[in-house]
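Heads up: the structure comes next, in structure tokens.
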Amino acid sequence: MLALSHPSLQDCRRLFLRNYEVLINIGVHEFEKKGEQRILINVDLFIPLAESTPKADLLEEVVDYDFIRSTIARRMAQGHIHLQETLCDDVVAAMLAHPKVRAARVSTEKPDVYPDCDAVGVEVFRIKQGN
């Protein structure tokens with residue numbers, strides 16, 4: 001992964017959530033505003049090894065996967081979203097709010113938009129300022 005080659009992430013481990021399938025109200029077209037669409041969400045969190053290497057094999061020593069899922073659920077509960085870009089930006093900002101997370105990558109995909117391709121989507125990658 002290209003992000004791991006970034007100098008400020010070389011001392012990190014990557015925590016990820018792959019193809020998290022959710023139904024969400026998203027889209028700008030009238031027909032999209034009348035129902036939910038299937039979205040696939042992928043998240044990579046980059047966490048310094050010093051903040052994520054357990055010494056006692058305890059969950060509180062690392063970032064819990066539940067943090068990723070519950071953060072996405074809170075954003076979805078806020079109501080209709082017009083753009084995948086907005087969803088990605090909101091989720092990546094919420095991921096970076098975790099004190100142990102140094103960087104995050106979030107992508108969303110709409111797999112049911114066009115019959116002749118797997119999906120259309122958006123991806124954003126951000127590193128916390130000062131890291």
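Letters A, B, ... go to the chains of the structure tokens in the order shown; residues in each chain start at 1; ligands are counted from 1 in the same order.
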Expected answer as a PyMOL selection string: helix (DSSP H, G or I) residues in stretch 25-93 of chain A: chain A and resi 30-34+49-52+59-61+65-76+84-93
Contacts of stretch 65-104 of chain A with stretch 16-29 of chain A up to 8 Å, shortest pair per row, only C-alpha atoms, as a tab-separated table:
```
residue	atom	partner	partner_atom	distance
A:Tyr65	CA	A:Leu17	CA	7.7
A:Ile68	CA	A:Leu17	CA	7.6
A:Met76	CA	A:Ile24	CA	6.7
A:Gly79	CA	A:Asn25	CA	7.1
A:His80	CA	A:Asn25	CA	4.9
A:Ile81	CA	A:Ile26	CA	4.7
A:His82	CA	A:Gly27	CA	4.4
A:Leu83	CA	A:Gly27	CA	5.9
A:Gln84	CA	A:Ile26	CA	7.6
```
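With only C-alpha atoms as the basis for measurement, A:Gln129 is the residue among A:Ser70, A:Ser5, A:Gln129, A:Asn42 that approaches A:Val101 most closely.
By only C-alpha atoms, and with residues fewer than 3 positions from A:Lys100 along its chain excluded, the set lying at most 9 Å from it is A:Phe46, A:Ile47, A:Pro48, A:Glu51, A:Ser52, A:Val62, A:Val63, A:Leu96, A:Ala97.
Each of A:Ala56, A:Val124, A:Val92, A:Ile41 was compared to A:Lys110 using only C-alpha atoms, and A:Ile41 turns out to be the nearest.
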Strand (DSSP E or B) call set, DSSP backbone run, chain A, as number ranges by chain: A: 12-24, 26, 37-48, 81, 103-110, 120-127
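Each of A:Leu45, A:Phe67, A:Glu61, A:Arg14 was checked against A:Val106 using only C-alpha atoms; the smallest atom-to-atom distance is that of A:Leu45.
Residues with any atom within 10 Å of A:Ala94, counting only C-alpha atoms and excluding same-chain neighbours fewer than 5 positions away, are Ile68, Thr71, Ile72, Arg74, Arg75, Cys88, Asp89 and Ala104 of chain A.
With only C-alpha atoms as the atoms that count, the residue of A:Asp57, A:Asp118, A:Glu123, A:Asp112 with the shortest distance to A:Asp44 is A:Glu123.
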Contacts of A:Thr108 within 6 Å, only C-alpha atoms, excl. fewer than 6 positions in-chain, as an NGL selection string: :A and (40-41 or 121-122)
7 Å contact set for A:Pro111, only C-alpha atoms, chain neighbours under 6 positions out, as a tab-separated table (two decimals) with C-alpha atoms, in the first residue's frame:
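And here's result-v5.tsv as it stands now:
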```tsv
chain	number	residue	atom	x	y	z
A	39	ILE	CA	-22.74	1.24	-0.15
A	118	ASP	CA	-18.24	-3.19	-10.41
A	119	ALA	CA	-18.78	0.13	-8.65
A	120	VAL	CA	-18.37	3.90	-8.64
```
